[in-house]
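**Q** If you scroll down you'll find the structure; I have some questions about it.
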Amino acid sequence: MRIPGGAVLGLIAALSFVPPAAAGIFPYPIETFELENGLLVVMVAMPTPGVVQYQTFVRAGSRNEIEPGRSGYAHFFEHMMFRGTRRFPGPVYGERLNRLGSDGNASTGNDLTVYHMTLPSTGLAAAIELEADRFQNLDYDREQFRKEAGAILGEFEIGRASPWSILEEKRLEKAFRAHPYGHTVIGYEADVRAMPDGFDYSRQFFDRYYRPENCVVLITGDFDARQAEELIRRDYGGWRRGAPAPPVPVEPPLAGPVRDAIEWAGPARPILDISFRTPAYGEQDRTVAALQMLRELVFGETSPLHRSLVLEERVVESLHASFDLQRDPYLFTISAELKDPKDFAVVEARILAALEEAGRIPVDAARLDRAKRRWEASLLLSLETPGGVAWRLSDFISLTGDPRSLDRHAENLRAVTREDLMEAARTYLVPERSVTLTLVGKEERP
Amino acid sequence: MKRSCGLLAALLLWAGMACSEDLTEIPVAESPTVAIRVVIEAGSADDPVGLEGLCLLTMRATADGGTPALTRNEVIERLDPMAADVELWVDRETTVFSGRCRREDLAEYFPIFWDRTFRPRFDPVDVERLREAALSDLENDLRGSDDERLGKEALQAFLFERTRWEHPPTGTESGLKAMSVEDLRAFHRKMVMRPRVHVGIAGGYDGEFAERLRAAIAAIPLDPAPADEGRLDPAPIRGLELRLVEKPARATAISIGFPHDVRRGDPDYWPLTLAVTAFGEHRTFLGRLQREMRSTRGLNYGNYAYLEHFTQDGWFRYPRLNLWRQVPYFSIWIRPVQPANGLFALRQAIWELRHLIDEGLTQQEFETTRDHLRNVSLLWKQTLMRRLAIAMEDAHLGRGDMIEELAESLDGMTLADANAALERRVTGENLKAVLVCAEADSIRELVSAGTATPIVYSGGDAPEAVKAKDARIAAMPLAATRVETLQAKEIFR
């Protein structure tokens, strides 16, 4: 069957639009403007006929939960924001968006909370009105607050069924003592269980961070930029600035290698988890880009270590490394799921040896080139939808407040040298900056 | 397994499609990317007795292994700079291979994709590694740490007990341990043949490539007489049948369902789609279940309902497509609740379902959901791969464009249509339910004794109207006709 033209081809052709050459790697023109109240608006018109993504994000996440006993409140707000306002109470807000065909949700991370919706472009004006209203006039009572706390506890329980949740909690707790990165986004269980009594604090959190100068509106897809700008100026123009937010505590250096062991109550693969304290995201040098490349080159599927541990010796079932770009110094983490806990020491030694080698011996130039090509191909493949474009940009806007940081990051990646890799490995991926955890299931103690 | 549909018309439609050597094409000359999709009519229901999991391991060894020309490591090396891969999904009756690449990578990517789908190397080392991973998934993930997935798989096993649809695609522990590399080769030889194979391509390929693809399809061996090996005939459900899957769970996960025979083409299909969307659309607050259980009572994180087998398509919250089923099933997914509220949540879900059937949707629910479906369906084809999957779904069913069909149906649909379909085709009485829970004995006693199970609010209280309804739900007789307990560590053994 060959699907002919008409509506089908029209949409596909547009989704597959080949954009004009741009200066950076990002293929679409970016337009930005700022309201007098400090609200940044980013617009990326791309030919996806009839479909648009509308994001509002708050540059606050678990990083901003600075008071003891209040972990999880940024995420809590992700939930409370759906309770509506006096003008559009939750059910009315929900019904209007439902009728528009909005596919929306929200998510919270360390550095930001994102409210996103994909919807037919015909609904954009209504969406702007609804979103502008709820960010300025959120209204909920104690009863609604307590009910939502029950939903949060339910979400906590979903995650808690997995050993990875406790591992992450312990990893962060060991790696950070002062900075709020020391707790998970969902928060400590005790704090989550105490949330029903946190109504007053929740209002304080909202007033502190849900302010125009701390938020960004991002629109991608098929829309009239001039009309959108006019509506945004009209609907968000009255939003008042807030007081300066309190500073986020600075984390002191890690006092040498840290270790701990966890026992999980149910069945679980033995897990070895090694993290290294790494620098905050920055565009001034290539350190972060080099660490990103090291993640692929030392631990990716084509790496010698992966090949030997996972494929040849088969002592490790899976080997992953993660290095998220964050506003403040964070972690480079390697996680290995083992088959037998007796191999913990051997696998740890192999991982550390691979890192030591990465700091001493230049990586093969062809491999570095392939890793760069992979990143660029992956970027292009991720830009197929308005949502894909918005998520890629929001990652960088949250870090620097500037969507063009994506292009600058790409330049840094392209420019990374083998010497950069060695320098980054020698400086950051070393035992004195590490937190090492082991996790075993109840019946698998070594 | 060649399937026999319940309705003659559906059978003819289906058989017609299955017998064609079809290629679904969506060419877009300007597209910077290409999507390829292969659907094979082979699934875990085709696993031989004693070798449960054979389809999954065969297909995984195919999609994750080497090819005649390249070892697995060589394949990975080639794919890596393209950021491309071969994705695999194995269901009970179909297996889907899919992949995407940049247009300029197609010439290099396609032979790897094709060989990784049709010409597996079956290196014993790869097979052994994947067998260990499958066993580990069964033991550590399914039974160990994913109570919701366990609940859903246990529900399907309960609905289709004593049939070849009972075990999950992951298989069983004994089945996975029993199979040999030769079993995998034989399964692949037997099942990956035309006319079971359906291929689709979309995006920036040219006519020359399409010809090459057609030639490749023509080279797939043809089964001259594909066997019609099995008909799924699930046992009738009598009343509420309850299965408790016991483990040291912190919270209680609940799945409820029943098999039915409503498929696209049935006049009740779209009215029921609307009604079930209004009752519990996946991951939204549109549904009545979510509003009543989460928003009003704070019972848990989510409460949803589905007309057909549902798994989410990656980051999209829409259904993964091309998972063709001989017998569809309706299901309700109640996300984990605090153990003290397990039976209340079960009662409330059934209560809401019965009230939906008895009283129907309200005019407002109908209109909101109708508008929602009209608009949200415009988002279902955002990517080349989604568009391809829908086109292949349409081709398989011998129907026109799904979204146009839905829009046309909505134009003529009334509230009465949706409510009549509910009354005709949905049951609130003959249900199977699975609870993944701790302390199964005490739950069993409460159910057997008909004890009321009031909701326990985690903070504060509820308005009087809500409390009054709570009391009626808590005391609603469950009248279970069957209650049985399975140990999670024994399930799918």
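Chain labels run A, B, ... following the order of the structure tokens; each chain numbers its residues from 1, and ligands are numbered from 1 in the order shown.
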Can you pull out every residue from stretch 178-318 of chain A that DSSP, working from the backbone, puts in alpha helix (DSSP H), and format the result as number ranges by chain?

**A** A: 189-194, 199-209, 225-236, 287-299, 304-306

**Q** Neighbours of A:Ser318 within 12 Å (only C-alpha atoms; same-chain residues fewer than 2 positions away dropped), as an MDAnalysis selection string?

**A** (chainID A and resid 269:273 299:301 305:311 314:316 320:321 334:339 347) or (chainID B and resid 129:130 132:133 136:137)

**Q** The selected residues should be written to file as a short mmCIF file (atom, residue, chain, number, x, y, z; two decimals), in the first residue's frame (atoms: N, CA and C atoms).

**A**
```
data_model
loop_
_atom_site.label_atom_id
_atom_site.label_comp_id
_atom_site.auth_asym_id
_atom_site.auth_seq_id
_atom_site.Cartn_x
_atom_site.Cartn_y
_atom_site.Cartn_z
N ARG A 269 18.96 -7.50 41.49
CA ARG A 269 20.30 -7.75 40.99
C ARG A 269 21.28 -7.00 41.90
N PRO A 270 22.44 -7.55 42.15
CA PRO A 270 23.45 -6.78 42.89
C PRO A 270 23.86 -5.56 42.06
N ILE A 271 23.92 -4.41 42.69
CA ILE A 271 24.25 -3.18 41.96
C ILE A 271 25.49 -2.53 42.57
N LEU A 272 26.42 -2.19 41.70
CA LEU A 272 27.58 -1.37 42.09
C LEU A 272 27.37 0.01 41.48
N ASP A 273 27.46 1.03 42.32
CA ASP A 273 27.12 2.38 41.87
C ASP A 273 28.23 3.33 42.32
N PHE A 299 32.21 4.07 28.85
CA PHE A 299 31.17 3.17 29.37
C PHE A 299 30.08 2.80 28.35
N GLY A 300 30.09 3.41 27.19
CA GLY A 300 29.06 3.14 26.18
C GLY A 300 29.19 1.74 25.61
N GLU A 301 28.24 1.39 24.76
CA GLU A 301 28.19 0.02 24.23
C GLU A 301 29.40 -0.35 23.39
N LEU A 305 35.47 -1.55 27.94
CA LEU A 305 35.02 -2.02 29.25
C LEU A 305 33.66 -2.71 29.15
N HIS A 306 32.75 -2.09 28.43
CA HIS A 306 31.42 -2.69 28.25
C HIS A 306 31.55 -4.04 27.57
N ARG A 307 32.37 -4.05 26.56
CA ARG A 307 32.55 -5.29 25.79
C ARG A 307 33.06 -6.41 26.69
N SER A 308 34.05 -6.10 27.49
CA SER A 308 34.63 -7.19 28.28
C SER A 308 33.72 -7.60 29.44
N LEU A 309 33.18 -6.63 30.18
CA LEU A 309 32.39 -6.99 31.37
C LEU A 309 31.02 -7.56 31.03
N VAL A 310 30.39 -6.99 30.00
CA VAL A 310 29.00 -7.37 29.71
C VAL A 310 28.94 -8.51 28.67
N LEU A 311 29.76 -8.40 27.63
CA LEU A 311 29.61 -9.34 26.53
C LEU A 311 30.53 -10.55 26.62
N ARG A 314 30.80 -11.58 30.91
CA ARG A 314 29.40 -11.66 31.37
C ARG A 314 29.29 -11.66 32.90
N VAL A 315 30.15 -10.91 33.55
CA VAL A 315 30.00 -10.76 35.01
C VAL A 315 29.04 -9.62 35.33
N VAL A 316 28.82 -8.76 34.35
CA VAL A 316 27.91 -7.63 34.53
C VAL A 316 26.75 -7.78 33.55
N HIS A 320 25.89 1.17 32.86
CA HIS A 320 25.41 2.47 32.41
C HIS A 320 26.21 3.57 33.08
N ALA A 321 26.36 4.67 32.35
CA ALA A 321 26.92 5.87 32.97
C ALA A 321 25.98 7.02 32.67
N ILE A 334 28.30 5.91 37.47
CA ILE A 334 28.39 4.64 36.75
C ILE A 334 27.64 3.59 37.57
N SER A 335 26.73 2.90 36.91
CA SER A 335 25.97 1.86 37.60
C SER A 335 26.13 0.55 36.87
N ALA A 336 26.50 -0.47 37.61
CA ALA A 336 26.66 -1.80 37.02
C ALA A 336 25.77 -2.79 37.76
N GLU A 337 24.94 -3.49 37.00
CA GLU A 337 24.13 -4.55 37.59
C GLU A 337 24.91 -5.85 37.40
N LEU A 338 25.28 -6.45 38.51
CA LEU A 338 26.12 -7.65 38.46
C LEU A 338 25.26 -8.90 38.49
N LYS A 339 25.92 -10.00 38.20
CA LYS A 339 25.21 -11.27 38.32
C LYS A 339 25.45 -11.89 39.68
N VAL A 347 34.78 -5.77 39.72
CA VAL A 347 34.17 -4.83 38.77
C VAL A 347 34.55 -3.39 39.15
N ARG B 129 23.62 -14.90 26.87
CA ARG B 129 23.55 -13.61 27.58
C ARG B 129 22.11 -13.11 27.63
N LEU B 130 21.41 -13.23 26.54
CA LEU B 130 20.03 -12.73 26.50
C LEU B 130 19.09 -13.60 27.31
N GLU B 132 19.97 -15.14 30.07
CA GLU B 132 20.21 -14.72 31.46
C GLU B 132 19.49 -13.41 31.75
N ALA B 133 19.51 -12.49 30.79
CA ALA B 133 18.84 -11.21 30.99
C ALA B 133 17.33 -11.39 31.12
N SER B 136 16.56 -12.83 34.45
CA SER B 136 16.75 -11.79 35.46
C SER B 136 15.59 -10.81 35.45
N ASP B 137 15.10 -10.49 34.26
CA ASP B 137 13.95 -9.59 34.15
C ASP B 137 12.73 -10.20 34.84
#
```

**Q** Just need the residues of chain B within 6 Å of chain A, counting only C-alpha atoms, so spit them out as a PDB file with C-alpha atoms, in the first residue's frame.

**A**
```pdb
ATOM      1  CA  LEU B  23       4.468  -2.948   1.884  1.00  0.00           C
ATOM      2  CA  THR B  24       3.082   0.231   3.378  1.00  0.00           C
ATOM      3  CA  GLU B  25       4.771   3.285   1.969  1.00  0.00           C
ATOM      4  CA  ILE B  26       4.660   6.910   3.044  1.00  0.00           C
ATOM      5  CA  VAL B  28       8.342  12.143   1.678  1.00  0.00           C
ATOM      6  CA  SER B  31      12.301  14.332   4.828  1.00  0.00           C
ATOM      7  CA  PRO B  81      27.710   6.947  14.797  1.00  0.00           C
ATOM      8  CA  MET B  82      24.243   6.927  13.233  1.00  0.00           C
ATOM      9  CA  ALA B  83      22.588   6.975  16.683  1.00  0.00           C
ATOM     10  CA  ASN B 140      14.102  -9.224  39.586  1.00  0.00           C
ATOM     11  CA  GLY B 144      10.625  -8.251  42.251  1.00  0.00           C
ATOM     12  CA  SER B 145      10.226  -4.549  41.659  1.00  0.00           C
ATOM     13  CA  ARG B 297     -10.105  11.225  47.506  1.00  0.00           C
ATOM     14  CA  GLY B 298      -6.351  11.337  47.033  1.00  0.00           C
ATOM     15  CA  LEU B 299      -6.301   7.544  46.977  1.00  0.00           C
ATOM     16  CA  ASN B 300      -3.326   7.168  44.684  1.00  0.00           C
ATOM     17  CA  TYR B 301      -1.483   8.501  41.659  1.00  0.00           C
ATOM     18  CA  THR B 368     -16.241  17.085  26.466  1.00  0.00           C
ATOM     19  CA  ASP B 371     -14.447  17.360  21.472  1.00  0.00           C
ATOM     20  CA  HIS B 372     -11.340  15.966  23.130  1.00  0.00           C
ATOM     21  CA  ASN B 375      -8.810  17.308  18.631  1.00  0.00           C
ATOM     22  CA  VAL B 376      -6.395  15.001  20.389  1.00  0.00           C
ATOM     23  CA  GLY B 459      -4.820  13.607  56.099  1.00  0.00           C
TER      24      GLY B 459
END
```

**Q** Rounded to one decimal in Å, what is the spacing between atom CA of B:Arg214 and atom CA of B:Arg60?

**A**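 Computing it gives 24.7 Å between the two atoms.
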
**Q** Do you know which residues are at most 9 Å from stretch 467-470 of chain B counting only C-alpha atoms, after dropping those on the same chain fewer than 6 positions away, and could you put them as a PyMOL selection string?

**A** chain B and resi 344+348+454-455+461

**Q** With C-alpha atoms retained, write the just-selected residues as a tab-separated table (two decimals), in the first residue's frame.

**A**
```tsv
chain	number	residue	atom	x	y	z
B	344	PHE	CA	-11.83	0.09	49.14
B	348	GLN	CA	-14.68	1.89	44.17
B	454	PRO	CA	-13.90	1.95	54.74
B	455	ILE	CA	-11.43	4.33	53.14
B	461	ASP	CA	-11.43	14.45	56.20
```

**Q** What gap, in Å, lies between atom CA of A:Ala74 and atom CA of A:His183?

**A**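 These two atoms are separated by 12.0 Å.
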
**Q** From a DSSP calculation on the backbone, collect every residue of stretch 214-433 of chain B in strand (DSSP E) and output the set as a PyMOL selection string.

**A** chain B and resi 240-246+252-259+303-306+329-337+431-433

**Q** Rounded to one decimal, what separation in Å do you get between atom CA of B:Lys177 and atom CA of B:Pro120?

**A**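 Value for the atom CA of B:Lys177-atom CA of B:Pro120 distance: 20.6 Å.
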
**Q** Tell me which protein, DNA and RNA residues are within 8 Å of A:Leu167, counting only C-alpha atoms, leaving out same-chain ones fewer than 4 positions away, and put them as a PDB file with C-alpha atoms, in the first residue's frame.

**A**
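Result file follows (around.pdb):
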```
ATOM      1  CA  PRO A 163      15.618  -0.808  44.507  1.00  0.00           C
ATOM      2  CA  ARG A 171      23.779   8.223  46.569  1.00  0.00           C
ATOM      3  CA  ILE A 262      22.477  -1.168  51.072  1.00  0.00           C
ATOM      4  CA  LEU A 437      27.547   2.133  46.940  1.00  0.00           C
ATOM      5  CA  LEU A 439      23.146  -2.919  46.845  1.00  0.00           C
TER       6      LEU A 439
END
```

**Q** Rank A:Pro252, A:Gly182, A:Gly401, A:Gly198 by their smallest atom-to-atom distance to A:Ser62, using only C-alpha atoms, and report the top residue only.

**A**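 The answer is A:Gly182, which sits nearest to A:Ser62.
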
**Q** Out of A:Arg87, A:Arg70, A:Lys170, A:Arg134, which residue has the shortest atom-to-atom distance to A:Ala190 when counting only C-alpha atoms?

**A**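 The closest residue to A:Ala190 is A:Arg70.
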